[in-house]
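Written below as structure tokens is the structure these notes are about.
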Amino acid sequence: MTRYLTLLVLAMLLLASRTVSAAALDEVSLEVSRDLCAGAGANDKNFIVYATNLNSNRTIDANFKYDSSPAQQHFILFDAGLNPITDRFPKFHTRRLAPSETAPIGCTYTYRASPRPPGPLTVPIVIAKQSASYVEPNAPEATPEDARSFAAFLLQGDINECGPGAKPPGLFYLVNLHPFARLSASMNLLDDHGTRVSVLSPTLSALSAARIACSNGPSKPGPITAATLEVPPGVAASPPPAPPAAKTQLPEPREPQPIEAPTLAPLPLGAVLRTQNVCAGSVPPGWIKINDAWNPTVCGSPGTITYNVWTIQQLIDQPPGAVIHACRGPVPASWAVVGTIWNPTVCGHPATNQPNVMAIKRLN
């Protein structure tokens with residue numbers, strides 16, 4: 001009998017806890033604003049997402065889910081020490097909201113390496129409420145975050161000005177992985193002997209990217225030496241009247257497009273490329289495979305990492321002398337290989353040095 005009563009009490013406490021958490025979650029609303037994220041151009045349509053605590057008396061810790069569109073994508077990045085890592089969606093992050101506070105919690109896009117220059121690509125981000133809890137009046141402040149863990153590099157390959165060397169060739173961009181805080185970082189630029197030639201100290205808005213330097217050469221980036229985060233303050237907001245707001249409508253996903261770094265001139269793209277994504281398998285005549293990716297929502301919906309989606313490019317309209325970077329494989333007629341490189345972010349994503357990308361040139 002005593003055991004039964006104990007189990008009953010525990011069940012009631014668990015139910016009460018879930019009820020309180022659900023109530024707190026209902027008192028957090030999301031809004032996709034028309035405010036552009038810092039660093040976005042007028043045509044980027046990269047908007048700030050705000051969260052509001054509708055409770056005028058209690059503080060709430062709200063946990064949000066950040067997923068890519070399509071969902072559960074993964075990308076190759078380099079951490080603050082320039083070590084290759086796999087960056088996976090979805091991600092989760094908590095923001096403490098004071099009573100009636102409205103605060104930014106993210107943007108509708110972030111940036112990753114493109115399978116073709118000039119890059120990088122915009123990656124749509126879908127933000128949703130995951131969980132929430134009320135904060136007791138005397139509760140301690142959250143533990144400060146490790147700013148360096150939110151600093152990462154993407155490597156944009158196929159950049160003519162960036163030559164080969166000890167590292168995979170390409171252009172390094174610094175990426176701020178934090179969904180709503182501003183990142184300030186410092187790094188040394190090094191020559192071929194590892195000697196410091198200058199220092200960079202960029203500041204990036206949330207989820208943004210900035211071009212740094214080529215991965216090889218006389219002035220290449222070294223590891224992040226220092227980093228800080230600055231969380232933008234929220235503002236007091238009046239809670240909306242009942243009934244509760246309807247479900248937030250996030251923008252329609254779009255195909256990622258190249259962006260222009262706000263402080264640097266874009267690199268020329270050259271000829272217009274005709275590409276499309278197809279399920280992995282065979283490439284139709286007149287096309288060539290230029291990248292692959294894992295998407296668990298299409299093409300067999302594999303539950304583990306399998307590069308089940310191929311990006312292919314049309315060849316038929318390319319003029320003589322045109323050069324295309326494609327996944328290494330059979331060379332089409334009237335084309336010749338003019339070079340090969342290792343790029344761990346495309347074409348099988350090999351972790352070890354191997355020539356997985358070929359440059360081919362149209363002969364006639």
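Lettering and numbering for the structure tokens are positional, with chains as A, B, ... in the shown order, residues counted from 1 in each chain, and ligands counted from 1 in the shown order.
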
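Residues in contact with Cys299 of chain A at up to 12 Å, not including ones fewer than 2 positions away on its chain and judged by only C-alpha atoms, are A:Asn277, A:Val278, A:Cys279, A:Ala280, A:Gly281, A:Ala293, A:Trp294, A:Asn295, A:Pro296, A:Thr297, A:Ser301, A:Pro302, A:Gly303, A:Thr306, A:Tyr307, A:Asn308, A:Val309, A:Trp310.
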
Export of prior selection with N, CA and C atoms as a PDB file, in the first residue's frame:
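The resulting file, part_39.pdb, is reproduced below:
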```
ATOM      1  N   ASN A 277      19.069  19.292 -58.564  1.00  0.00           N
ATOM      2  CA  ASN A 277      19.274  18.194 -57.621  1.00  0.00           C
ATOM      3  C   ASN A 277      18.451  16.994 -58.052  1.00  0.00           C
ATOM      4  N   VAL A 278      19.070  15.804 -58.004  1.00  0.00           N
ATOM      5  CA  VAL A 278      18.395  14.570 -58.390  1.00  0.00           C
ATOM      6  C   VAL A 278      18.741  13.493 -57.366  1.00  0.00           C
ATOM      7  N   CYS A 279      17.956  12.436 -57.326  1.00  0.00           N
ATOM      8  CA  CYS A 279      18.291  11.302 -56.468  1.00  0.00           C
ATOM      9  C   CYS A 279      19.549  10.620 -57.014  1.00  0.00           C
ATOM     10  N   ALA A 280      20.385  10.155 -56.088  1.00  0.00           N
ATOM     11  CA  ALA A 280      21.647   9.531 -56.480  1.00  0.00           C
ATOM     12  C   ALA A 280      21.392   8.335 -57.391  1.00  0.00           C
ATOM     13  N   GLY A 281      22.252   8.170 -58.366  1.00  0.00           N
ATOM     14  CA  GLY A 281      22.101   7.061 -59.308  1.00  0.00           C
ATOM     15  C   GLY A 281      22.913   7.341 -60.550  1.00  0.00           C
ATOM     16  N   ALA A 293      24.887  15.163 -51.361  1.00  0.00           N
ATOM     17  CA  ALA A 293      24.448  15.556 -50.013  1.00  0.00           C
ATOM     18  C   ALA A 293      23.543  14.479 -49.446  1.00  0.00           C
ATOM     19  N   TRP A 294      23.405  14.487 -48.118  1.00  0.00           N
ATOM     20  CA  TRP A 294      22.470  13.599 -47.424  1.00  0.00           C
ATOM     21  C   TRP A 294      21.220  14.378 -47.067  1.00  0.00           C
ATOM     22  N   ASN A 295      20.072  13.861 -47.477  1.00  0.00           N
ATOM     23  CA  ASN A 295      18.787  14.455 -47.108  1.00  0.00           C
ATOM     24  C   ASN A 295      17.863  13.324 -46.675  1.00  0.00           C
ATOM     25  N   PRO A 296      17.578  13.216 -45.354  1.00  0.00           N
ATOM     26  CA  PRO A 296      16.782  12.097 -44.854  1.00  0.00           C
ATOM     27  C   PRO A 296      15.297  12.197 -45.162  1.00  0.00           C
ATOM     28  N   THR A 297      14.872  13.255 -45.869  1.00  0.00           N
ATOM     29  CA  THR A 297      13.449  13.434 -46.153  1.00  0.00           C
ATOM     30  C   THR A 297      13.070  13.062 -47.587  1.00  0.00           C
ATOM     31  N   SER A 301      14.858   8.356 -48.149  1.00  0.00           N
ATOM     32  CA  SER A 301      14.814   8.793 -46.741  1.00  0.00           C
ATOM     33  C   SER A 301      15.745   7.977 -45.849  1.00  0.00           C
ATOM     34  N   PRO A 302      17.049   7.930 -46.170  1.00  0.00           N
ATOM     35  CA  PRO A 302      17.973   7.138 -45.335  1.00  0.00           C
ATOM     36  C   PRO A 302      18.109   7.728 -43.937  1.00  0.00           C
ATOM     37  N   GLY A 303      18.095   6.869 -42.920  1.00  0.00           N
ATOM     38  CA  GLY A 303      18.195   7.322 -41.536  1.00  0.00           C
ATOM     39  C   GLY A 303      19.613   7.609 -41.101  1.00  0.00           C
ATOM     40  N   THR A 306      23.992   9.053 -45.776  1.00  0.00           N
ATOM     41  CA  THR A 306      24.156   8.451 -47.102  1.00  0.00           C
ATOM     42  C   THR A 306      23.952   9.578 -48.104  1.00  0.00           C
ATOM     43  N   TYR A 307      24.881   9.767 -49.005  1.00  0.00           N
ATOM     44  CA  TYR A 307      24.784  10.888 -49.927  1.00  0.00           C
ATOM     45  C   TYR A 307      23.812  10.530 -51.050  1.00  0.00           C
ATOM     46  N   ASN A 308      22.527  10.672 -50.701  1.00  0.00           N
ATOM     47  CA  ASN A 308      21.443  10.201 -51.563  1.00  0.00           C
ATOM     48  C   ASN A 308      20.922  11.253 -52.529  1.00  0.00           C
ATOM     49  N   VAL A 309      21.440  12.460 -52.473  1.00  0.00           N
ATOM     50  CA  VAL A 309      21.036  13.526 -53.398  1.00  0.00           C
ATOM     51  C   VAL A 309      22.272  14.028 -54.127  1.00  0.00           C
ATOM     52  N   TRP A 310      22.180  14.057 -55.449  1.00  0.00           N
ATOM     53  CA  TRP A 310      23.285  14.549 -56.262  1.00  0.00           C
ATOM     54  C   TRP A 310      22.913  15.894 -56.863  1.00  0.00           C
TER      55      TRP A 310
END
```

Can you tell me which residues surround segment 312-320 of chain A at a distance of at most 12 Å, considering only C-alpha atoms, apart from same-chain residues fewer than 5 positions away, and format the answer as JSON, numbers by chain? {"A": [115, 116, 270, 271, 272, 273, 274, 275, 276, 277, 278, 279, 280, 281, 282, 283, 284, 285, 286, 287, 288, 289, 290, 291, 292, 293, 325, 326, 327, 331, 332, 333, 334, 335, 336, 347, 360, 361, 362, 363, 364]}

So that I can check the surroundings of segment 136-140 of chain A, please list as a count of residues only every protein, DNA and RNA residue that reaches within 12 Å of it, counting only C-alpha atoms and ignoring chain neighbours fewer than 2 positions away. 13

Measuring between only C-alpha atoms, which one of A:Cys162, A:Asn83, A:Ala128, A:His74 shows the shortest distance to Leu30 of chain A?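 Using only C-alpha atoms, Leu30 of chain A sits closest to A:Ala128.
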
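Computed from the coordinates, the atom CA of Asp35 of chain A to atom CA of Ile48 of chain A distance equals 5.7 Å.
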
Can you work out the spacing between atom CA of Tyr173 of chain A and atom CA of Ala152 of chain A in Å, to one decimal?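 Separating atom CA of Tyr173 of chain A from atom CA of Ala152 of chain A is a distance of 8.4 Å.
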
Show which residues sit within 6 Å of Ala206 of chain A, as a PDB file with all heavy atoms, in the first residue's frame. Count only C-alpha atoms, and ignore same-chain residues fewer than 4 positions away.
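As written to disk, result_18.pdb reads:
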```
ATOM      1  N   ASN A 176      29.650  32.809 -37.420  1.00  0.00           N
ATOM      2  CA  ASN A 176      29.120  32.918 -36.062  1.00  0.00           C
ATOM      3  C   ASN A 176      27.980  31.915 -35.929  1.00  0.00           C
ATOM      4  O   ASN A 176      26.925  32.070 -36.543  1.00  0.00           O
ATOM      5  CB  ASN A 176      28.620  34.336 -35.792  1.00  0.00           C
ATOM      6  CG  ASN A 176      28.048  34.506 -34.388  1.00  0.00           C
ATOM      7  OD1 ASN A 176      28.072  33.575 -33.578  1.00  0.00           O
ATOM      8  ND2 ASN A 176      27.532  35.686 -34.092  1.00  0.00           N
ATOM      9  N   HIS A 178      26.321  31.263 -33.176  1.00  0.00           N
ATOM     10  CA  HIS A 178      25.347  31.608 -32.132  1.00  0.00           C
ATOM     11  C   HIS A 178      24.083  32.169 -32.776  1.00  0.00           C
ATOM     12  O   HIS A 178      24.154  32.995 -33.691  1.00  0.00           O
ATOM     13  CB  HIS A 178      25.927  32.639 -31.169  1.00  0.00           C
ATOM     14  CG  HIS A 178      25.222  32.672 -29.846  1.00  0.00           C
ATOM     15  ND1 HIS A 178      23.960  33.210 -29.702  1.00  0.00           N
ATOM     16  CD2 HIS A 178      25.580  32.219 -28.612  1.00  0.00           C
ATOM     17  CE1 HIS A 178      23.577  33.098 -28.438  1.00  0.00           C
ATOM     18  NE2 HIS A 178      24.543  32.494 -27.759  1.00  0.00           N
ATOM     19  N   PRO A 179      22.904  31.730 -32.323  1.00  0.00           N
ATOM     20  CA  PRO A 179      21.670  32.140 -32.999  1.00  0.00           C
ATOM     21  C   PRO A 179      21.270  33.594 -32.777  1.00  0.00           C
ATOM     22  O   PRO A 179      20.530  34.155 -33.589  1.00  0.00           O
ATOM     23  CB  PRO A 179      20.609  31.191 -32.429  1.00  0.00           C
ATOM     24  CG  PRO A 179      21.157  30.762 -31.108  1.00  0.00           C
ATOM     25  CD  PRO A 179      22.647  30.708 -31.283  1.00  0.00           C
ATOM     26  N   PHE A 180      21.719  34.229 -31.679  1.00  0.00           N
ATOM     27  CA  PHE A 180      21.280  35.619 -31.472  1.00  0.00           C
ATOM     28  C   PHE A 180      22.343  36.541 -30.886  1.00  0.00           C
ATOM     29  O   PHE A 180      22.122  37.744 -30.775  1.00  0.00           O
ATOM     30  CB  PHE A 180      20.024  35.674 -30.593  1.00  0.00           C
ATOM     31  CG  PHE A 180      20.094  34.906 -29.311  1.00  0.00           C
ATOM     32  CD1 PHE A 180      20.710  35.440 -28.189  1.00  0.00           C
ATOM     33  CD2 PHE A 180      19.529  33.642 -29.212  1.00  0.00           C
ATOM     34  CE1 PHE A 180      20.764  34.739 -27.009  1.00  0.00           C
ATOM     35  CE2 PHE A 180      19.577  32.922 -28.021  1.00  0.00           C
ATOM     36  CZ  PHE A 180      20.196  33.473 -26.909  1.00  0.00           C
ATOM     37  N   ALA A 181      23.516  36.054 -30.520  1.00  0.00           N
ATOM     38  CA  ALA A 181      24.555  36.897 -29.930  1.00  0.00           C
ATOM     39  C   ALA A 181      25.573  37.341 -30.982  1.00  0.00           C
ATOM     40  O   ALA A 181      25.842  36.622 -31.941  1.00  0.00           O
ATOM     41  CB  ALA A 181      25.275  36.159 -28.805  1.00  0.00           C
ATOM     42  N   ARG A 182      26.132  38.523 -30.781  1.00  0.00           N
ATOM     43  CA  ARG A 182      27.199  39.025 -31.637  1.00  0.00           C
ATOM     44  C   ARG A 182      28.523  38.411 -31.190  1.00  0.00           C
ATOM     45  O   ARG A 182      28.818  38.330 -29.998  1.00  0.00           O
ATOM     46  CB  ARG A 182      27.262  40.554 -31.547  1.00  0.00           C
ATOM     47  CG  ARG A 182      28.284  41.197 -32.481  1.00  0.00           C
ATOM     48  CD  ARG A 182      28.307  42.708 -32.328  1.00  0.00           C
ATOM     49  NE  ARG A 182      27.023  43.293 -32.733  1.00  0.00           N
ATOM     50  CZ  ARG A 182      26.146  43.806 -31.892  1.00  0.00           C
ATOM     51  NH1 ARG A 182      26.363  43.807 -30.586  1.00  0.00           N
ATOM     52  NH2 ARG A 182      25.018  44.320 -32.338  1.00  0.00           N
TER      53      ARG A 182
END
```

Grab the atom CA of Leu171 of chain A to atom CA of Ala185 of chain A distance for me, in Å with one decimal place.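 The value is 17.9 Å.
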
Got a sec: who's within 6 Å of Leu77 of chain A, counting only C-alpha atoms, leaving out chain neighbours fewer than 5 positions off, as a list of chain:residue names? A:Pro84, A:Ile85, A:Phe153, A:Leu154

Any chance you can output those residues with C-alpha atoms as a PDB file, in the first residue's frame?
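And here's result-v3.pdb as it stands now:
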```pdb
ATOM      1  CA  PRO A  84      37.362  19.665 -39.393  1.00  0.00           C
ATOM      2  CA  ILE A  85      34.006  19.019 -37.718  1.00  0.00           C
ATOM      3  CA  PHE A 153      35.238  28.440 -40.358  1.00  0.00           C
ATOM      4  CA  LEU A 154      33.671  27.351 -43.630  1.00  0.00           C
TER       5      LEU A 154
END
```

As a PyMOL selection string, please: every residue in segment 36-282 of chain A that DSSP puts in strand (DSSP E). chain A and resi 36+47-53+59-68+74-78+84-88+91-97+101-107+109-112+121-135+151-156+171-176+182-190+196-200+203-204+209-214+220-230+235-236+275-279

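The smallest atom-to-atom distance between Ala113 of chain A and any of A:Ala209, A:Ala71, A:Cys37, A:Leu204, using only C-alpha atoms, is found for A:Ala209.
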
Give me, as a ChimeraX atom specification, all polymer residues having an atom no more than 9 Å from Ser215 of chain A, counting only C-alpha atoms and skipping those fewer than 2 positions away in the same chain. /A:155,162-172,213,217,219-221

Just write the chosen residues, all heavy atoms, as a short mmCIF file (atom, residue, chain, number, x, y, z; two decimals), in the first residue's frame.
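This is the output file selection_28.cif:
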```
data_model
loop_
_atom_site.label_atom_id
_atom_site.label_comp_id
_atom_site.auth_asym_id
_atom_site.auth_seq_id
_atom_site.Cartn_x
_atom_site.Cartn_y
_atom_site.Cartn_z
N LEU A 155 34.96 26.51 -45.48
CA LEU A 155 35.95 26.57 -46.56
C LEU A 155 35.23 26.56 -47.90
O LEU A 155 34.60 25.56 -48.26
CB LEU A 155 36.92 25.40 -46.46
CG LEU A 155 38.02 25.36 -47.53
CD1 LEU A 155 38.95 26.56 -47.38
CD2 LEU A 155 38.81 24.06 -47.44
N CYS A 162 42.84 31.29 -54.73
CA CYS A 162 43.35 30.52 -53.60
C CYS A 162 43.98 29.22 -54.11
O CYS A 162 43.27 28.32 -54.58
CB CYS A 162 42.23 30.21 -52.60
SG CYS A 162 41.54 31.69 -51.83
N GLY A 163 45.29 29.11 -54.02
CA GLY A 163 45.99 27.98 -54.59
C GLY A 163 46.17 26.82 -53.63
O GLY A 163 45.75 26.86 -52.47
N PRO A 164 46.84 25.75 -54.09
CA PRO A 164 47.05 24.56 -53.27
C PRO A 164 48.11 24.78 -52.21
O PRO A 164 48.85 25.76 -52.21
CB PRO A 164 47.49 23.50 -54.29
CG PRO A 164 48.15 24.30 -55.38
CD PRO A 164 47.40 25.60 -55.45
N GLY A 165 48.20 23.83 -51.28
CA GLY A 165 49.17 23.90 -50.21
C GLY A 165 48.95 22.79 -49.22
O GLY A 165 48.37 21.74 -49.55
N ALA A 166 49.35 23.01 -47.97
CA ALA A 166 49.22 21.98 -46.94
C ALA A 166 47.77 21.71 -46.58
O ALA A 166 47.42 20.60 -46.20
CB ALA A 166 50.01 22.40 -45.70
N LYS A 167 46.92 22.72 -46.68
CA LYS A 167 45.50 22.56 -46.36
C LYS A 167 44.69 22.45 -47.65
O LYS A 167 45.16 22.85 -48.72
CB LYS A 167 45.00 23.75 -45.53
CG LYS A 167 45.60 23.85 -44.14
CD LYS A 167 44.92 24.98 -43.37
CE LYS A 167 45.41 25.02 -41.91
NZ LYS A 167 46.83 25.39 -41.81
N PRO A 168 43.47 21.91 -47.57
CA PRO A 168 42.60 21.91 -48.76
C PRO A 168 42.47 23.33 -49.31
O PRO A 168 42.28 24.27 -48.54
CB PRO A 168 41.27 21.38 -48.23
CG PRO A 168 41.62 20.59 -47.02
CD PRO A 168 42.80 21.27 -46.42
N PRO A 169 42.60 23.52 -50.62
CA PRO A 169 42.57 24.88 -51.16
C PRO A 169 41.18 25.48 -51.11
O PRO A 169 40.17 24.81 -51.29
CB PRO A 169 43.02 24.68 -52.61
CG PRO A 169 42.64 23.27 -52.93
CD PRO A 169 42.80 22.50 -51.66
N GLY A 170 41.12 26.78 -50.85
CA GLY A 170 39.85 27.47 -50.81
C GLY A 170 39.95 28.74 -50.00
O GLY A 170 41.02 29.15 -49.54
N LEU A 171 38.80 29.37 -49.83
CA LEU A 171 38.70 30.64 -49.12
C LEU A 171 37.99 30.40 -47.79
O LEU A 171 36.87 29.87 -47.76
CB LEU A 171 37.92 31.64 -49.97
CG LEU A 171 37.76 33.06 -49.44
CD1 LEU A 171 39.13 33.73 -49.28
CD2 LEU A 171 36.88 33.88 -50.38
N PHE A 172 38.64 30.77 -46.69
CA PHE A 172 38.04 30.61 -45.37
C PHE A 172 37.13 31.79 -45.06
O PHE A 172 37.50 32.95 -45.24
CB PHE A 172 39.13 30.52 -44.29
CG PHE A 172 39.61 29.13 -44.01
CD1 PHE A 172 40.97 28.85 -43.98
CD2 PHE A 172 38.72 28.10 -43.74
CE1 PHE A 172 41.43 27.57 -43.70
CE2 PHE A 172 39.16 26.82 -43.48
CZ PHE A 172 40.51 26.55 -43.45
N ALA A 213 40.45 34.81 -45.40
CA ALA A 213 41.66 34.70 -46.23
C ALA A 213 41.71 33.31 -46.84
O ALA A 213 40.96 32.40 -46.44
CB ALA A 213 42.91 34.95 -45.38
N GLY A 217 48.98 29.95 -48.54
CA GLY A 217 49.58 31.17 -49.04
C GLY A 217 50.31 31.94 -47.95
O GLY A 217 50.43 31.48 -46.81
N SER A 219 49.52 34.56 -46.24
CA SER A 219 48.75 35.26 -45.20
C SER A 219 47.47 34.47 -44.92
O SER A 219 46.38 34.91 -45.23
CB SER A 219 48.43 36.69 -45.65
OG SER A 219 47.76 37.41 -44.62
N LYS A 220 47.63 33.29 -44.33
CA LYS A 220 46.48 32.41 -44.08
C LYS A 220 46.08 32.47 -42.61
O LYS A 220 46.91 32.75 -41.74
CB LYS A 220 46.83 30.97 -44.48
CG LYS A 220 48.13 30.45 -43.88
CD LYS A 220 48.45 29.07 -44.43
CE LYS A 220 49.83 28.60 -43.99
NZ LYS A 220 50.89 29.38 -44.65
N PRO A 221 44.82 32.20 -42.30
CA PRO A 221 44.36 32.33 -40.92
C PRO A 221 44.88 31.23 -40.02
O PRO A 221 45.01 30.07 -40.42
CB PRO A 221 42.83 32.26 -41.05
CG PRO A 221 42.59 31.52 -42.32
CD PRO A 221 43.72 31.88 -43.23
#
```

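Taking only segment 37-275 of chain A, the residues that DSSP calls helix (DSSP H, G or I) from the backbone come to A:Ala147, A:Arg148, A:Ser149, A:Phe150.
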
Export N, CA and C atoms of the chosen residues as a compact mmCIF listing (two decimals), in the first residue's frame?
```txt
# COMPACT_ATOMS: atom_id res chain seq x y z
N ALA A 147 32.41 31.38 -25.74
CA ALA A 147 32.32 32.10 -27.01
C ALA A 147 33.09 31.41 -28.11
N ARG A 148 34.24 30.82 -27.78
CA ARG A 148 35.08 30.20 -28.80
C ARG A 148 34.36 29.02 -29.48
N SER A 149 33.46 28.37 -28.76
CA SER A 149 32.76 27.22 -29.33
C SER A 149 31.77 27.64 -30.42
N PHE A 150 31.44 28.93 -30.49
CA PHE A 150 30.52 29.42 -31.52
C PHE A 150 31.25 30.02 -32.72
```

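Between Pro233 of chain A and the candidates A:Leu97, A:Leu54, A:Ala22, A:Ala103, the tightest atom-to-atom separation, counting only C-alpha atoms, involves A:Ala103.
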
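Each of A:Pro218, A:Gly234, A:Pro330, A:Pro104 was checked against Ser33 of chain A using only C-alpha atoms; the smallest atom-to-atom distance is that of A:Pro104.
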